[in-house]
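What's in structure.cif: mmCIF, C-alpha atoms
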```cif
data_work
loop_
_atom_site.group_PDB
_atom_site.id
_atom_site.type_symbol
_atom_site.label_atom_id
_atom_site.label_comp_id
_atom_site.auth_asym_id
_atom_site.auth_seq_id
_atom_site.Cartn_x
_atom_site.Cartn_y
_atom_site.Cartn_z
ATOM 1 C CA VAL Q 1 72.293 148.903 67.060
ATOM 2 C CA THR Q 2 73.547 150.450 63.836
ATOM 3 C CA SER Q 3 76.357 152.761 62.941
ATOM 4 C CA GLY Q 4 77.437 154.231 59.672
ATOM 5 C CA PRO Q 5 78.857 157.427 58.282
ATOM 6 C CA ARG Q 6 77.330 160.147 60.449
ATOM 7 C CA LEU Q 7 74.468 157.953 61.743
ATOM 8 C CA LEU Q 8 73.969 155.992 64.953
ATOM 9 C CA GLY Q 9 70.804 154.147 65.828
ATOM 10 C CA VAL Q 10 69.350 151.797 68.391
ATOM 11 C CA CYS Q 11 66.084 149.857 68.506
ATOM 12 C CA ASP Q 12 64.506 147.740 71.216
ATOM 13 C CA GLY Q 13 62.086 145.189 69.800
ATOM 14 C CA VAL Q 14 58.965 144.369 71.778
ATOM 15 C CA SER Q 15 59.199 140.798 73.079
ATOM 16 C CA GLY Q 16 55.405 140.477 73.331
ATOM 17 C CA VAL Q 17 55.182 139.921 69.560
ATOM 18 C CA GLN Q 18 56.489 136.386 70.133
ATOM 19 C CA SER Q 19 52.977 135.419 71.221
ATOM 20 C CA MET Q 20 51.891 136.332 67.668
ATOM 21 C CA GLY Q 21 54.554 134.070 66.151
ATOM 22 C CA LEU Q 22 56.835 137.004 65.276
ATOM 23 C CA ARG Q 23 60.521 137.430 66.052
ATOM 24 C CA PRO Q 24 61.036 140.553 68.208
ATOM 25 C CA ASP Q 25 64.333 141.402 66.470
ATOM 26 C CA GLU Q 26 63.083 141.210 62.877
ATOM 27 C CA LEU Q 27 61.502 144.687 62.511
ATOM 28 C CA PRO Q 28 64.255 146.434 64.529
ATOM 29 C CA ASN Q 29 67.039 144.876 62.445
ATOM 30 C CA GLU Q 30 65.287 145.613 59.156
ATOM 31 C CA LEU Q 31 64.434 149.171 60.221
ATOM 32 C CA LEU Q 32 68.004 150.002 61.261
ATOM 33 C CA ALA Q 33 69.373 148.557 58.005
ATOM 34 C CA ALA Q 34 66.895 150.712 56.058
ATOM 35 C CA CYS Q 35 67.913 153.776 58.118
ATOM 36 C CA ARG Q 36 71.563 153.121 57.260
ATOM 37 C CA GLN Q 37 70.653 152.893 53.552
ATOM 38 C CA ALA Q 38 68.526 156.058 53.687
ATOM 39 C CA MET Q 39 71.361 157.981 55.360
ATOM 40 C CA GLY Q 40 73.835 156.698 52.774
ATOM 41 C CA ALA Q 41 71.531 157.908 50.011
ATOM 42 C CA ALA Q 42 71.107 161.313 51.699
ATOM 43 C CA LEU Q 43 74.887 161.673 52.000
ATOM 44 C CA SER Q 44 75.338 160.708 48.329
ATOM 45 C CA ARG Q 45 72.782 163.332 47.266
ATOM 46 C CA GLY Q 46 74.344 165.927 49.556
ATOM 47 C CA SER Q 47 70.974 166.441 51.241
ATOM 48 C CA VAL Q 48 72.077 166.159 54.875
ATOM 49 C CA PRO Q 49 71.534 169.664 56.247
ATOM 50 C CA THR Q 50 73.733 171.589 58.649
ATOM 51 C CA GLY Q 51 72.396 173.634 61.528
ATOM 52 C CA SER Q 52 68.797 172.480 61.041
ATOM 53 C CA ASP Q 53 66.070 171.909 63.607
ATOM 54 C CA GLY Q 54 66.632 168.152 63.226
ATOM 55 C CA HIS Q 55 63.215 167.258 61.866
ATOM 56 C CA TRP Q 56 64.731 165.819 58.688
ATOM 57 C CA VAL Q 57 65.725 162.777 60.794
ATOM 58 C CA MET Q 58 61.985 162.010 61.152
ATOM 59 C CA ASP Q 59 61.724 162.029 57.348
ATOM 60 C CA LEU Q 60 64.673 159.656 57.143
ATOM 61 C CA LEU Q 61 63.022 157.329 59.693
ATOM 62 C CA GLU Q 62 59.693 157.458 57.866
ATOM 63 C CA ASP Q 63 61.347 156.668 54.509
ATOM 64 C CA ALA Q 64 63.248 153.815 56.119
ATOM 65 C CA TYR Q 65 60.057 152.417 57.658
ATOM 66 C CA ASP Q 66 58.372 152.516 54.235
ATOM 67 C CA ASN Q 67 61.228 150.369 52.897
ATOM 68 C CA THR Q 68 60.695 147.597 55.428
ATOM 69 C CA SER Q 69 58.190 144.764 55.386
ATOM 70 C CA ALA Q 70 58.775 142.902 58.666
ATOM 71 C CA GLN Q 71 55.971 142.858 61.193
ATOM 72 C CA GLY Q 72 56.510 143.665 64.840
ATOM 73 C CA ALA Q 73 56.972 146.614 67.180
ATOM 74 C CA THR Q 74 60.028 148.501 68.361
ATOM 75 C CA THR Q 75 61.243 151.655 69.993
ATOM 76 C CA VAL Q 76 63.878 153.516 67.977
ATOM 77 C CA LEU Q 77 66.385 156.330 68.388
ATOM 78 C CA LEU Q 78 68.426 157.812 65.544
ATOM 79 C CA ALA Q 79 71.301 160.270 65.972
ATOM 80 C CA ALA Q 80 72.663 161.940 62.847
ATOM 81 C CA MET Q 81 75.669 164.211 62.607
ATOM 82 C CA GLU Q 82 75.047 167.516 60.839
ATOM 83 C CA GLY Q 83 78.219 169.246 59.752
ATOM 84 C CA ASN Q 84 81.042 169.027 62.265
ATOM 85 C CA SER Q 85 79.342 169.953 65.495
ATOM 86 C CA GLN Q 86 75.601 169.236 65.658
ATOM 87 C CA VAL Q 87 73.831 165.966 66.329
ATOM 88 C CA SER Q 88 70.139 165.718 65.494
ATOM 89 C CA VAL Q 89 68.219 163.080 67.424
ATOM 90 C CA ALA Q 90 64.800 161.557 66.711
ATOM 91 C CA ASN Q 91 63.414 159.331 69.461
ATOM 92 C CA VAL Q 92 60.288 157.174 69.371
ATOM 93 C CA GLY Q 93 59.952 155.406 72.710
ATOM 94 C CA ASP Q 94 62.334 154.865 75.569
ATOM 95 C CA CYS Q 95 65.710 154.277 73.969
ATOM 96 C CA GLY Q 96 68.137 156.962 75.018
ATOM 97 C CA LEU Q 97 71.162 159.008 74.117
ATOM 98 C CA LEU Q 98 73.567 160.511 76.621
ATOM 99 C CA LEU Q 99 76.218 163.066 75.663
ATOM 100 C CA LEU Q 100 79.257 163.067 77.951
ATOM 101 C CA ARG Q 101 81.984 165.696 77.758
ATOM 102 C CA PRO Q 102 85.480 165.613 79.259
ATOM 103 C CA ARG Q 103 85.821 168.120 82.078
ATOM 104 C CA PRO Q 104 87.746 171.236 81.056
ATOM 105 C CA SER Q 105 90.251 170.560 83.853
ATOM 106 C CA THR Q 106 91.084 167.183 82.292
ATOM 107 C CA PRO Q 107 94.149 167.416 80.058
ATOM 108 C CA ARG Q 108 93.309 166.396 76.479
ATOM 109 C CA GLY Q 109 94.396 162.806 75.900
ATOM 110 C CA ALA Q 110 94.591 162.039 79.634
ATOM 111 C CA ALA Q 111 94.444 158.304 80.331
ATOM 112 C CA ARG Q 112 91.292 158.584 82.444
ATOM 113 C CA PRO Q 113 89.419 161.811 81.766
ATOM 114 C CA LYS Q 114 86.510 162.763 83.995
ATOM 115 C CA LEU Q 115 83.259 163.023 82.080
ATOM 116 C CA ASP Q 116 80.268 165.269 82.724
ATOM 117 C CA SER Q 117 76.748 164.732 81.456
ATOM 118 C CA VAL Q 118 75.836 167.494 78.996
ATOM 119 C CA PHE Q 119 72.628 166.178 77.432
ATOM 120 C CA ARG Q 120 70.236 163.255 77.786
ATOM 121 C CA THR Q 121 67.167 162.504 75.683
ATOM 122 C CA GLU Q 122 63.780 162.144 77.293
ATOM 123 C CA ALA Q 123 61.665 159.041 76.756
ATOM 124 C CA LEU Q 124 58.471 159.306 74.748
ATOM 125 C CA ARG Q 125 55.750 157.283 76.475
ATOM 126 C CA TYR Q 126 51.986 156.875 76.328
ATOM 127 C CA GLU Q 127 52.083 156.195 80.074
ATOM 128 C CA ALA Q 128 54.663 155.179 82.710
ATOM 129 C CA ASN Q 129 55.435 151.663 81.435
ATOM 130 C CA LYS Q 130 54.160 151.994 77.879
ATOM 131 C CA PRO Q 131 56.686 153.543 75.479
ATOM 132 C CA VAL Q 132 55.616 154.846 72.103
ATOM 133 C CA GLN Q 133 56.515 152.307 69.404
ATOM 134 C CA VAL Q 134 56.964 152.028 65.664
ATOM 135 C CA MET Q 135 54.942 149.005 64.559
ATOM 136 C CA ARG Q 136 53.654 147.033 61.631
ATOM 137 C CA PHE Q 137 50.866 144.500 62.000
ATOM 138 C CA ALA Q 138 48.420 143.027 59.504
ATOM 139 C CA ASN Q 139 45.513 144.964 61.050
ATOM 140 C CA ALA Q 140 47.302 148.343 61.333
ATOM 141 C CA ALA Q 141 47.498 150.916 58.545
ATOM 142 C CA PRO Q 142 50.987 152.295 57.764
ATOM 143 C CA ALA Q 143 49.493 155.792 58.099
ATOM 144 C CA GLU Q 144 49.086 155.149 61.845
ATOM 145 C CA THR Q 145 52.804 154.446 62.178
ATOM 146 C CA HIS Q 146 53.612 157.521 60.081
ATOM 147 C CA LEU Q 147 51.727 159.578 62.686
ATOM 148 C CA VAL Q 148 53.767 157.948 65.454
ATOM 149 C CA ILE Q 149 57.023 158.742 63.620
ATOM 150 C CA ARG Q 150 55.850 162.336 63.023
ATOM 151 C CA GLY Q 151 55.378 162.579 66.793
ATOM 152 C CA ALA Q 152 58.997 161.629 67.513
ATOM 153 C CA ARG Q 153 60.790 163.702 70.104
ATOM 154 C CA VAL Q 154 63.411 165.648 68.140
ATOM 155 C CA ASP Q 155 66.415 167.317 69.732
ATOM 156 C CA THR Q 156 69.570 168.951 68.451
ATOM 157 C CA VAL Q 157 72.722 169.184 70.509
ATOM 158 C CA GLU Q 158 76.105 170.744 69.870
ATOM 159 C CA CYS Q 159 79.101 168.421 70.103
ATOM 160 C CA ARG Q 160 82.794 169.072 70.589
ATOM 161 C CA PRO Q 161 85.884 167.009 69.864
ATOM 162 C CA GLY Q 162 86.320 164.474 72.672
ATOM 163 C CA ASP Q 163 82.591 164.199 73.443
ATOM 164 C CA VAL Q 164 81.194 160.711 73.922
ATOM 165 C CA LEU Q 165 77.743 159.610 72.768
ATOM 166 C CA VAL Q 166 76.170 156.669 74.595
ATOM 167 C CA LEU Q 167 73.105 155.110 72.959
ATOM 168 C CA GLY Q 168 71.089 152.337 74.517
ATOM 169 C CA SER Q 169 67.735 150.857 75.329
ATOM 170 C CA ASP Q 170 65.720 151.404 78.468
ATOM 171 C CA GLY Q 171 67.658 148.446 79.872
ATOM 172 C CA ILE Q 172 70.596 150.795 80.314
ATOM 173 C CA PHE Q 173 68.909 154.100 81.040
ATOM 174 C CA ASP Q 174 66.285 152.748 83.467
ATOM 175 C CA ASN Q 175 68.985 151.070 85.534
ATOM 176 C CA LEU Q 176 71.983 153.407 85.418
ATOM 177 C CA GLY Q 177 72.193 157.118 86.100
ATOM 178 C CA ASP Q 178 74.286 159.492 84.026
ATOM 179 C CA GLU Q 179 77.065 159.602 86.614
ATOM 180 C CA GLU Q 180 77.192 155.782 86.817
ATOM 181 C CA ILE Q 181 77.527 155.535 83.029
ATOM 182 C CA ALA Q 182 80.266 158.185 83.068
ATOM 183 C CA ASN Q 183 82.081 156.328 85.857
ATOM 184 C CA ILE Q 184 81.975 153.053 83.897
ATOM 185 C CA LEU Q 185 83.507 154.765 80.863
ATOM 186 C CA GLU Q 186 86.110 156.521 83.017
ATOM 187 C CA ASP Q 187 87.015 153.214 84.684
ATOM 188 C CA GLN Q 188 87.507 151.641 81.250
ATOM 189 C CA GLY Q 189 90.073 154.325 80.438
ATOM 190 C CA LEU Q 190 88.117 155.641 77.455
ATOM 191 C CA ASP Q 191 90.387 157.595 75.144
ATOM 192 C CA THR Q 192 88.184 160.545 74.237
ATOM 193 C CA ALA Q 193 90.668 161.769 71.663
ATOM 194 C CA ALA Q 194 90.295 158.457 69.806
ATOM 195 C CA SER Q 195 86.521 158.361 70.253
ATOM 196 C CA ALA Q 196 86.170 161.772 68.622
ATOM 197 C CA ALA Q 197 87.799 160.587 65.426
#
```
Output the file's structure as structure tokens, nothing else.
Amino acid sequence: VTSGPRLLGVCDGVSGVQSMGLRPDELPNELLAACRQAMGAALSRGSVPTGSDGHWVMDLLEDAYDNTSAQGATTVLLAAMEGNSQVSVANVGDCGLLLLRPRPSTPRGAARPKLDSVFRTEALRYEANKPVQVMRFANAAPAETHLVIRGARVDTVECRPGDVLVLGSDGIFDNLGDEEIANILEDQGLDTAASAA
């Protein structure tokens, strides 16, 4: 998981690479660090768009991948804030993002606001139990991974003050429904006014 100014990201490394003598967390950690750096550079240049179709996040992911060297395979989801109200999401695989919004009937700053699901990403899979993955192996050309990144599922979603973004791997989203996740956050007394800051 990574977070930085206007960028959130999550990866889920493929454990099967251990049989090849590789650490499953090495590529995910390096990739997220490179994404954080690429976003920082984009912010410094003033090149983060507002109101776009979100496809620039694929470019950011591709640039970040090109600045990594670790071998392995991972799913990845990046969520970048554009302006003050739009989040652009690029998803390769089965990590997920859920946008929860306080119900209008909930007074702002209430101790335990009720949350409604507004948006949830869809997984990108080759087949039922085979998510699309960003990978680097000795026998695979980087151009193949560039094609995978170019095929990322891209979404844009409008956000409001008080909204809550939940990012996670398939370990969360395959086992908990939107309402269950909302209930957990409500039970924890999430302060949506503080989370919007």
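CA of Thr156 in chain Q sits 22.0 Å away from CA of Asp12 in chain Q.
Across Q:Gly40, Q:Gly189, Q:Pro113, Q:Gly93, the tightest approach to Pro5 in chain Q is made by Q:Gly40 when counting all atoms listed in the file.
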Margin query: Could you tell me how far CA of Met81 in chain Q sits from CA of Ala38 in chain Q, in Å to one decimal place?
Written below: 14.0 Å
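Between CA of Asn91 in chain Q and CA of Glu26 in chain Q there is a distance of 19.3 Å.
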Given the file above and the PyMOL selection byres ((chain Q and resi 153) around 10), which residues are selected, and can you give them as an mmCIF file with C-alpha atoms, in the coordinates of the input?
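So the final result, stored in result_14.cif, reads:
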```
data_model
loop_
_atom_site.group_PDB
_atom_site.id
_atom_site.type_symbol
_atom_site.label_atom_id
_atom_site.label_comp_id
_atom_site.auth_asym_id
_atom_site.auth_seq_id
_atom_site.Cartn_x
_atom_site.Cartn_y
_atom_site.Cartn_z
ATOM 1 C CA HIS Q 55 63.215 167.258 61.866
ATOM 2 C CA MET Q 58 61.985 162.010 61.152
ATOM 3 C CA LEU Q 77 66.385 156.330 68.388
ATOM 4 C CA VAL Q 89 68.219 163.080 67.424
ATOM 5 C CA ALA Q 90 64.800 161.557 66.711
ATOM 6 C CA ASN Q 91 63.414 159.331 69.461
ATOM 7 C CA VAL Q 92 60.288 157.174 69.371
ATOM 8 C CA GLY Q 93 59.952 155.406 72.710
ATOM 9 C CA THR Q 121 67.167 162.504 75.683
ATOM 10 C CA GLU Q 122 63.780 162.144 77.293
ATOM 11 C CA ALA Q 123 61.665 159.041 76.756
ATOM 12 C CA LEU Q 124 58.471 159.306 74.748
ATOM 13 C CA ILE Q 149 57.023 158.742 63.620
ATOM 14 C CA ARG Q 150 55.850 162.336 63.023
ATOM 15 C CA GLY Q 151 55.378 162.579 66.793
ATOM 16 C CA ALA Q 152 58.997 161.629 67.513
ATOM 17 C CA VAL Q 154 63.411 165.648 68.140
ATOM 18 C CA ASP Q 155 66.415 167.317 69.732
#
```
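Comparing the minimum interatomic distances between Asp59 in chain Q and each of Q:Leu78, Q:Val87, Q:Ala141, Q:Leu27, counting all atoms listed in the file, we find that Q:Leu78 sits nearest.
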Could you give me the axis-aligned bounding box of range 72-91 of chain Q, with 5 Å of padding per side, as centre plus edge lengths in Å to one decimal, as JSON?
```
{"center_x": 68.8, "center_y": 156.8, "center_z": 64.9, "size_x": 34.5, "size_y": 36.3, "size_z": 20.2}
```
Student task, range 78-125 of chain Q output with C-alpha atoms as a compact mmCIF listing (two decimals), in the first residue's frame:
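Result file follows (out05.txt):
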```txt
# COMPACT_ATOMS: atom_id res chain seq x y z
CA LEU Q 78 -3.74 3.38 -8.44
CA ALA Q 79 -6.16 6.16 -7.45
CA ALA Q 80 -5.11 9.73 -8.18
CA MET Q 81 -6.93 12.88 -7.18
CA GLU Q 82 -7.56 15.34 -10.00
CA GLY Q 83 -8.44 18.81 -8.80
CA ASN Q 84 -10.72 18.87 -5.78
CA SER Q 85 -13.42 16.42 -6.74
CA GLN Q 86 -12.38 13.71 -9.22
CA VAL Q 87 -10.49 10.51 -8.58
CA SER Q 88 -9.01 8.67 -11.55
CA VAL Q 89 -8.44 4.96 -11.04
CA ALA Q 90 -6.29 2.53 -13.05
CA ASN Q 91 -6.70 -1.13 -12.13
CA VAL Q 92 -4.68 -4.09 -13.39
CA GLY Q 93 -6.02 -7.24 -11.74
CA ASP Q 94 -8.28 -7.82 -8.79
CA CYS Q 95 -7.35 -5.17 -6.27
CA GLY Q 96 -10.29 -2.91 -5.59
CA LEU Q 97 -11.47 0.52 -4.62
CA LEU Q 98 -14.76 1.27 -2.90
CA LEU Q 99 -16.15 4.79 -2.53
CA LEU Q 100 -18.44 5.23 0.47
CA ARG Q 101 -20.47 8.38 1.07
CA PRO Q 102 -22.21 9.52 4.26
CA ARG Q 103 -25.98 9.38 3.89
CA PRO Q 104 -27.53 12.81 3.36
CA SER Q 105 -29.69 12.26 6.46
CA THR Q 106 -26.54 11.88 8.58
CA PRO Q 107 -25.59 15.17 10.23
CA ARG Q 108 -22.09 16.26 9.17
CA GLY Q 109 -19.60 15.33 11.88
CA ALA Q 110 -21.96 12.80 13.48
CA ALA Q 111 -20.11 10.29 15.65
CA ARG Q 112 -21.28 7.30 13.61
CA PRO Q 113 -22.45 8.32 10.15
CA LYS Q 114 -24.18 5.77 7.96
CA LEU Q 115 -22.28 5.12 4.75
CA ASP Q 116 -23.62 4.16 1.33
CA SER Q 117 -21.66 2.53 -1.47
CA VAL Q 118 -21.37 4.94 -4.40
CA PHE Q 119 -18.76 3.26 -6.60
CA ARG Q 120 -16.73 0.06 -6.73
CA THR Q 121 -14.10 -0.92 -9.28
CA GLU Q 122 -14.44 -4.09 -11.28
CA ALA Q 123 -11.68 -6.69 -11.34
CA LEU Q 124 -9.73 -7.25 -14.53
CA ARG Q 125 -9.25 -10.99 -15.05
```
